[in-house]
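One structure below.
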Amino acid sequence: MDLFDILVSILGSTIRLSVPLVFTALAGLFSERAGVFDIGLEGKMLAAAFAAACAAYVTGSPWLGLLAGIGVSVAFSILHGFASITNRGNQIVSGVAINFFVAGLTIVLGQAWFGQGGRTPQLPPDGRFSPIILPGADALRGVPVVGPLYANVISGNNILTYMAFLAVPISWWILYRTRFGLRLRAVGENPGAVDTAGISVTWLRYRAVICAGILCGFSGTYLAVAQSAAFIKDMSAGKGYIALAALIFAKWKPVPVMFACLLFGFLDAFANFMQGKAIPGIGEVPVQIFQALPYVLTCVLLAGFIGVARPPKAGGVPYTKER
Amino acid sequence: MSQAPANERAAIELVGIDKKFGAVHANKNINLSVAKGSIHGIIGENGAGKSTLMSILYGFYHADSGEIRIDGKPVAIRDSQAAIAAGIGMVHQHFMLVENFTVLENLMLGAEGGMLLKGGVTRARGELKRLASDYGLEVDPDAVVEELAVGLQQRVEILKAMYRGAEILILDEPTGVLTPAEADHLFRILKVLRDQGKTVILITHKLREIMAITDTVSVMRRGEMVATRKTSETTVEELAELMVGRRVLLRVEKGAANPGAVVLSVKNLTVKDGRGVTMVDNVSFDVRAGEIVGIAGVAGNGQSELLEAISGIRPPTSGEILIDGIPIGRADPARLRDLGLAHIPEDRHHMGLVLRFEEYENAILGYHRDPKYGGMFLDLDAIRKDAVDKIEKYDIRPPNPRLKTANFSGGNQQKIVVAREIERDPKLLLIGQPTRGVDIGAIEFIHRRIIDMRDAGKAQLLVSVELDEIRALSDRILVMFAGQIVGEKTADAGEQTLGLMMAGIAA
Amino acid sequence: MNTASLPLPGWITYGLIPLINLVLAFFFSGLVVWFIGENPFDALALMLEGALGSGEGIGFTLYYATNFIFTGLSVAVAIHAGLFNIGSEGQAYIGGLGAALVALALDRYVPWYVTMPFAIAGAAIFGAAWAFIPAFLQAKRGSHIVITTIMFNFIGAALMVYLLVNVLIVPGKMAPETRTFLEGGQLPKLDWLMALFGLKLGPAPFNVSFLIALAMCLVVWLLVWRTKLGYEMRTLGISPTAAVYAGIPYSRTVIIAMLISGGLAGMMALNPVLGASARLQVEFVGGAGFVGIAVSLMGRNHPAGIILAAILFGILYQGGDWVSFEMPNITREMIVVIQGLVILFAGALEYMCRPALARLYYSMAKRGV
């Protein structure tokens with residue numbers, strides 16, 4: 001393989017590895033910009049993956065799988081809202097609880113229903129979202145540079161991948177071009193301003209966490225019904241936290257979120273590629289460096305060494321009308 | 001008593017509004033009528049119930065009983081949305097702005113005019129231009145709010161209300177954060193609004209503002225509406241008296257002061273608050289051993305920041321503080337205590353006490369490092385014995401050092417603080433609002449202790465918004481206004497003279 | 001005034017409300033069991049039998065409880081200073097490195113009781129070091145400690161995997177773990193303690209770490225309620241403004257509290273690494289750091305409460321194993337479900353029942369008068 005082929009292959013897997021991060025980080029974006037911290041992203045993604053795999057297996061339709069994934073993920077969002085908005089509980093604790101609950105429940109139910117040690121049965125090819133070959137991909141394959149990039153990076157992904165990258169401009173548009181987005185950004189900064197403007201803080205925040213639930217539904221479904229063909233226990237494998245890191249690294253802004261996710265996805269893809277290979281003069285680079293890098297970069301950012309990351313001002317604080 | 005003043009031209013009428021918070025009767029049977037197209041001032045001391053009343057009007061609280069009428073028709077104001085719909089706009093004391101939003105975005109929040117912002121933006125821009133030219137409310141629509149000066153931020157608050165079609169504009173202590181020039185500009189704007197037929201309600205405790213721009217003024221005192229006057233037919237003196245009421249005169253037996261050497265010296269001190277507003281502006285004074293220097297002033301004129309700077313809590317922007325002639329530099333509160341400074345803070349709930357601690361734990365707050373309370377470990381026997389001694393000496397009730405501090409009454413809580421600070425036998429004592437929320441018996445007791453301290457040759461700096469208290473205790477009185485010391489008087493200065501100085505009218 | 005916000009007597013706040021929350025958590029756990037077609041009461045009986053029905057069961061229960069006492073104390077110390085340390089997991093993991101290095105260095109030369117104090121120190125120092133950077137960033141740069149400690153959990157995990165796979169691994173072996181410590185690097189089991197009660201420990205790894213954990217409960221109690229440092233931490237934790245007034249240095253107090261918290265988390269490693277498996281293995285912490293959050297919350301951040309909550313979770317872990325053995329339909333992960341529900345009800349929904357209880361209490365009190 002020459003260098004260019006390697007690059008194309010790494011870029012292709014970068015895209016595939018970024019998709020769940022993009023969905024999940026955008027989910028965090030909606031929740032946290034509204035002032036509700038969400039470390040339960042991981043759990044919601046996992047729950048959605050399980051629900052999607054089960055539904056897709058039973059019905060044979062990946063779309064019904066997606067619907068189930070979204071439904072279950074939204075249910076957990078509402079639970080998070082009930083704890084942290086309605087009951088003014090600690091948002092971090094609520095997120096931790098959801099992560100635990102889901103990590104256990106998916107395996108318990110999976111074992112009880114399918115008896116495969118927490119796995120769900122393998123989905124048939126038409127039970128999954130399969131790759132879409134874009135028009136002209138095969139014809140262009142022979143064209144130097146552009147051809148392989150088009151055929152192997154842009155084309156040949158499943159529909160959810162395209163939806164993920166479509167979700168970025170849509171999220172941007174919702175946040176910055178709609179009434180809902182304006183109010184959502186306002187409630188994360190100063191809920192008092194929203195309240196005195198005659199808008200319900202509670203209902204607004206609930207809608208924000210529901211948006212987060214929908215997006216986590218997509219990311220979970222992607223894991224189980226597009227990237228894989230079954231639910232495997234703990235298949236989210238910390239992606240929820242990497243997405244959280246990407247969200248912070250992107251300073252809570254939608255388009256930078258995409259680039260942060262692509263960067264972290266690239267690190268992951270590059271680490272996979274480098275596994276067992278030695279760089280001349282340096283030797284084998286431990287794969288763990290690439291695994292730790294997203295978190296290290298985020299901490300460096302938080303320490304204020306790369307610009308200033310300003311979290312939404314009202315984040316983590318339940319709103320009380322007291323004055 | 002409950003008869004409402006009839007006025008056909010009334011923009012808004014309150015009839016028999018009553019509100020209790022637990023045991024606190026914040027508003028007692030309030031009747032008020034505000035004429036259309038006028039500026040109506042509501043004046044009263046802190047805690048007189050002005051803000052509660054306005055919060056009821058804006059739907060933040062619900063009155064226990066009473067009626068609100070707008071243009072003669074009864075309305076139910078359940079929430080802010082209903083208030084906005086009824087044509088009421090409010091400029092809050094703490095601005096309700098989203099700081100990282102532009103002016104335009106703040107303007108549109110809650111009044112976007114559709115699901116998408118696009119159409120609304122065009123409309124808001126046009127409306128902003130019109131409001132700017134009609135009322136002199138110019139502000140760059142694309143400026144980010146946090147980058148605007150405080151005066152301009154307030155203008156955005158006014159614009160928000162106007163944009164929502166407010167006919168009645170309520171301003172809660174609007175000049176607290178403004179420079180005098182900004183305040184003058186605000187007043188011009190309010191007059192334009194009135195001349196265009198809007199109704200303005202101005203809540204303040206500053207007499208100067210009332211006299212300067214209102215048409216009518218109502219006075220609140222301890223939850224009651226005690227009088228309403230045409231501004232042209234009243235005087236500052238009458239209003240001051242109505243605000244304060246005829247109180248039981250505080251009398252404290254004390255002999256002549258015998259001032260000794262200078263203990264505290266403040267030189268050209270300037271202090272800014274968290275927002276960068278100058279709260280203490282180039283202040284200089286001395287406090288000598290054996291005297292009580294009182295700082296008179298309406299709340300919010302820089303007294304709090306002055307005390308915080310001297311006690312090491314808030315670093316000064318410039319200037320010098322010396323204790324016994326030695327500059328204290330950036331010494332922290334612990335170091336200052338070692339130098340012989342004690343501090344009864346203005347806010348016992350957030351500073352002077354940890355309410356969830358047991359009494360004995362609070363009895364050492366700030367002095368807990370003293371070796372007599374143990375080395376690395378707390379010597380609980382010594383601490384509790386000490387606490388019991390103070391409980392006896394200061395008659396703190398119930399006499400139980402193991403009781404949670406939150407369960408003591410206000411007066412007894414304050415005694416815990418006073419006992420702790422005075423019993424250290426400091427050479428310099430800073431005293432902030434020593435008797436706020438304290439019953440009469442405890443007031444007398446605390447005043448007696450302060451005089452005893454003076455007679456024992458201690459230097460004391462007293463800040464209080466109670467003018468009677470300042471006059472009863474102080475040997476010298478400094479009057480603070482807008483961050484500056486505007487004059488010095490002896491203890492026998494008349495209440496009216498001081499009141500005028502506190503209002504920034506005469507020096 | 002609204003009765004819901006009125007104060008309630010201690011037996012409701014500290015007794016009834018936590019009990020109701022726990023019952024709710026178990027009620028929903030029972031629903032899950034019922035949902036997958038098993039009898040929840042049978043499962044409960046099996047769980048108690050497995051956890052407490054034999055010397056071996058009790059030994060395992062207390063072995064798990066030991067882990068949770070350490071991590072619970074770690075979370076509690078930070079909470080007293082107003083800090084939410086969710087990095088106990090990573091601090092325990094790195095603490096294992098400290099403990100293992102000591103054991104590897106000394107086990108050939110000295111008996112276990114000489115190794116032990118050094119291993120305690122090694123575990124505590126390594127755990128504290130891992131808490132230092134988040135603490136420093138919180139104290140000096142205002143970075144949110146919750147976020148930085150999450151990040152450090154993952155950085156720690158990557159570091160440990162690297163070390164075990166590339167550095168500490170026994171040459172020629174596949175498993176990413178250190179060599180097995182000799183007897184001088186192992187903490188002995190507490191057979192004699194069980195024998196006092198006429199019980200046989202069997203293969204359960206209940207070891208001296210349990211006694212260290214109990215000692216740490218005492219140390220933490222002394223620290224928080226009997227030392228001046230603890231006084232300053234509590235002041236800062238309850239009222240940051242009063243702490244400023246009292247001249248309590250913010251940065252110093254935050255950093256020291258986090259070092260102690262990290263040290264306690266690190267010491268958790270003694271139990272599995274030196275006590276049970278006698279080697280350092282990948283992912284030996286296994287979520288105990290997060291369980292510490294639940295244990296601390298349930299135990300109201302008090303060592304006595306933490307011991308009780310840790311034993312409860314120990315019963316869950318050991319009993320859960322037993323249940324999954326006897327009822328193949330219920331997997332071991334049922335424990336994690338219950339754990340999640342306990343954290344949800346005892347933590348996030350802590351005050352859910354309070355308004356209703358307050359109304360009930362005051363209406364009964366009124367009728368009583």
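Letters A, B, ... mark the chains of the structure tokens in the order given; residue numbers begin at 1 per chain; ligand numbers begin at 1, in order shown.
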Notebook entry, point to check: Leaving out Pro240 (chain C) and any residue of its chain fewer than 3 positions from it, which residues lie within 9 Å of it when counting only C-alpha atoms, given as a ChimeraX atom specification?
Noted result: /B:350-351 /C:82,235-237,243-245,250
Got a sec: who's within 12 Å of region 278-291 of chain A, counting only C-alpha atoms, leaving out chain neighbours fewer than 6 positions off, as a short mmCIF file (atom, residue, chain, number, x, y, z; two decimals) with N, CA and C atoms, in the first residue's frame?
data_model
loop_
_atom_site.label_atom_id
_atom_site.label_comp_id
_atom_site.auth_asym_id
_atom_site.auth_seq_id
_atom_site.Cartn_x
_atom_site.Cartn_y
_atom_site.Cartn_z
N ALA A 237 -18.51 1.77 24.98
CA ALA A 237 -17.08 1.77 25.31
C ALA A 237 -16.48 3.16 25.54
N GLY A 238 -17.18 3.99 26.29
CA GLY A 238 -16.61 5.29 26.64
C GLY A 238 -16.78 6.37 25.58
N LYS A 239 -17.48 6.04 24.48
CA LYS A 239 -17.66 7.05 23.43
C LYS A 239 -18.46 8.25 23.92
N ILE A 242 -15.94 10.52 25.40
CA ILE A 242 -15.12 11.18 24.37
C ILE A 242 -15.94 12.29 23.72
N LEU A 263 -11.47 15.05 14.66
CA LEU A 263 -10.11 14.94 15.18
C LEU A 263 -9.98 13.72 16.09
N PHE A 264 -10.94 13.58 17.01
CA PHE A 264 -10.87 12.46 17.95
C PHE A 264 -11.09 11.13 17.21
N GLY A 265 -11.96 11.17 16.20
CA GLY A 265 -12.16 9.97 15.38
C GLY A 265 -10.89 9.62 14.62
N PHE A 266 -10.22 10.64 14.13
CA PHE A 266 -8.97 10.41 13.41
C PHE A 266 -7.92 9.79 14.33
N LEU A 267 -7.83 10.31 15.55
CA LEU A 267 -6.87 9.75 16.52
C LEU A 267 -7.14 8.26 16.72
N ASP A 268 -8.41 7.93 16.80
CA ASP A 268 -8.82 6.55 17.00
C ASP A 268 -8.42 5.69 15.79
N ALA A 269 -8.74 6.22 14.60
CA ALA A 269 -8.43 5.49 13.37
C ALA A 269 -6.92 5.32 13.21
N PHE A 270 -6.21 6.38 13.52
CA PHE A 270 -4.76 6.34 13.37
C PHE A 270 -4.15 5.35 14.36
N ALA A 271 -4.71 5.33 15.58
CA ALA A 271 -4.22 4.38 16.58
C ALA A 271 -4.43 2.95 16.09
N ASN A 272 -5.63 2.69 15.51
CA ASN A 272 -5.88 1.35 14.99
C ASN A 272 -4.88 0.98 13.92
N LEU A 297 -5.95 16.60 25.68
CA LEU A 297 -6.19 17.86 24.97
C LEU A 297 -7.29 18.67 25.65
N MET C 151 -11.98 13.16 32.94
CA MET C 151 -10.93 13.03 31.93
C MET C 151 -9.76 12.22 32.50
N PHE C 154 -9.99 8.45 32.42
CA PHE C 154 -9.64 7.82 31.15
C PHE C 154 -8.14 7.88 30.87
N ILE C 155 -7.53 9.02 31.21
CA ILE C 155 -6.09 9.12 31.00
C ILE C 155 -5.38 8.07 31.86
N GLY C 156 -5.86 7.93 33.10
CA GLY C 156 -5.27 6.94 34.01
C GLY C 156 -5.42 5.52 33.45
N ALA C 157 -6.61 5.24 32.91
CA ALA C 157 -6.84 3.90 32.37
C ALA C 157 -5.88 3.62 31.22
N ALA C 158 -5.70 4.61 30.33
CA ALA C 158 -4.80 4.42 29.20
C ALA C 158 -3.37 4.20 29.69
N LEU C 159 -2.98 4.99 30.68
CA LEU C 159 -1.62 4.88 31.22
C LEU C 159 -1.38 3.50 31.82
N MET C 160 -2.36 3.01 32.57
CA MET C 160 -2.19 1.72 33.24
C MET C 160 -2.12 0.58 32.22
N VAL C 161 -2.98 0.67 31.21
CA VAL C 161 -2.93 -0.39 30.20
C VAL C 161 -1.56 -0.38 29.53
N TYR C 162 -1.08 0.81 29.21
CA TYR C 162 0.23 0.88 28.57
C TYR C 162 1.30 0.24 29.46
N LEU C 163 1.29 0.61 30.74
CA LEU C 163 2.32 0.09 31.64
C LEU C 163 2.21 -1.42 31.80
N LEU C 164 1.00 -1.91 31.90
CA LEU C 164 0.84 -3.35 32.10
C LEU C 164 1.17 -4.14 30.84
N VAL C 165 0.82 -3.56 29.69
CA VAL C 165 1.08 -4.29 28.45
C VAL C 165 2.54 -4.21 28.05
N ASN C 166 3.16 -3.07 28.29
CA ASN C 166 4.50 -2.85 27.76
C ASN C 166 5.63 -2.91 28.78
N VAL C 167 5.31 -2.61 30.03
CA VAL C 167 6.41 -2.46 31.00
C VAL C 167 6.37 -3.51 32.10
#
Item checked: Residues within 8 Å of Ile42 (chain B), only C-alpha atoms, excluding chain neighbours under 6 positions, as a list in words ->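 These residues fall inside the cut-off: Lys50, Ile201, Leu202, Ile203, Thr204, Val217, Ser218, Val219 and Met220 of chain B.
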Please, could you write that set of residues out with N, CA and C atoms as a PDB file, in the first residue's frame?
ATOM      1  N   LYS B  50     -41.021  47.398  49.037  1.00  0.00           N
ATOM      2  CA  LYS B  50     -41.183  47.941  47.682  1.00  0.00           C
ATOM      3  C   LYS B  50     -40.986  46.860  46.625  1.00  0.00           C
ATOM      4  N   ILE B 201     -43.020  53.834  36.838  1.00  0.00           N
ATOM      5  CA  ILE B 201     -42.966  53.668  38.293  1.00  0.00           C
ATOM      6  C   ILE B 201     -41.500  53.489  38.677  1.00  0.00           C
ATOM      7  N   LEU B 202     -41.038  54.367  39.543  1.00  0.00           N
ATOM      8  CA  LEU B 202     -39.626  54.378  39.909  1.00  0.00           C
ATOM      9  C   LEU B 202     -39.486  53.988  41.375  1.00  0.00           C
ATOM     10  N   ILE B 203     -38.824  52.851  41.612  1.00  0.00           N
ATOM     11  CA  ILE B 203     -38.625  52.410  42.994  1.00  0.00           C
ATOM     12  C   ILE B 203     -37.226  52.790  43.412  1.00  0.00           C
ATOM     13  N   THR B 204     -37.113  53.462  44.526  1.00  0.00           N
ATOM     14  CA  THR B 204     -35.784  53.901  44.927  1.00  0.00           C
ATOM     15  C   THR B 204     -35.775  54.184  46.417  1.00  0.00           C
ATOM     16  N   VAL B 217     -45.261  60.909  44.540  1.00  0.00           N
ATOM     17  CA  VAL B 217     -44.423  59.980  45.286  1.00  0.00           C
ATOM     18  C   VAL B 217     -45.245  59.302  46.375  1.00  0.00           C
ATOM     19  N   SER B 218     -45.036  57.961  46.497  1.00  0.00           N
ATOM     20  CA  SER B 218     -45.668  57.220  47.588  1.00  0.00           C
ATOM     21  C   SER B 218     -44.564  56.698  48.493  1.00  0.00           C
ATOM     22  N   VAL B 219     -44.852  56.702  49.774  1.00  0.00           N
ATOM     23  CA  VAL B 219     -43.835  56.284  50.735  1.00  0.00           C
ATOM     24  C   VAL B 219     -44.253  54.966  51.376  1.00  0.00           C
ATOM     25  N   MET B 220     -43.337  54.004  51.402  1.00  0.00           N
ATOM     26  CA  MET B 220     -43.608  52.739  52.088  1.00  0.00           C
ATOM     27  C   MET B 220     -42.751  52.636  53.329  1.00  0.00           C
TER      28      MET B 220
END
Next item on the list: Could you tell me how far CA of Trp252 (chain A) lies from CA of Ile98 (chain A), in Å and to one decimal?
Entry: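 That distance, rounded to one decimal, is 22.6 Å.
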Can you work out which residues from chain B touch chain C at a cut-off of 7 Å (counting only C-alpha atoms) and hand them back as a compact mmCIF listing (two decimals) with C-alpha atoms, in the first residue's frame?
# COMPACT_ATOMS: atom_id res chain seq x y z
CA PHE B 21 -43.68 35.26 53.74
CA GLY B 22 -44.01 32.99 56.73
CA ILE B 313 -11.94 40.23 52.02
CA ASP B 332 -5.75 38.29 54.14
CA PRO B 333 -8.42 38.21 56.86
CA ALA B 334 -6.46 35.69 58.94
CA HIS B 350 -23.38 34.36 54.59
CA MET B 351 -20.24 35.64 56.25
CA GLY B 352 -20.37 35.86 59.99
CA LEU B 353 -21.81 32.42 60.60
CA VAL B 354 -22.01 29.00 59.03
CA LEU B 365 -14.87 31.01 63.16
CA GLY B 366 -11.85 32.94 61.97
CA MET B 376 -3.61 20.16 64.76
CA PHE B 377 -6.69 18.83 66.54
CA LEU B 378 -9.54 20.92 67.81
Next item on the list: Using only C-alpha atoms, find the residues of chain C whose closest atom to chain A is at most 9 Å away, then write them as a PyMOL selection string.
Entry: chain C and resi 32+36-37+134+137-138+140-144+146-148+150-152+154-159+161-162+166+290+293-294+328-345+347-352
Next item on the list: Determine which residues of chain B sit within 6 Å of chain A, taking into account only C-alpha atoms, and present them as number ranges by chain.
Entry: B: 80-81, 96-98, 110, 115-117
Margin query: Which residue is closest to Ala124 (chain C)? Choose from C:Gly292, C:Gly72, C:Gly95, C:Gly320 and count only C-alpha atoms.
Written below: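 Among the listed residues, C:Gly95 lies closest to Ala124 (chain C).
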Next item on the list: Do a neighbour search on Arg397 (chain B) at 8 Å with only C-alpha atoms, toss out local chain neighbours closer than 4 positions, and write the hits as a count of residues only.
Entry: 3
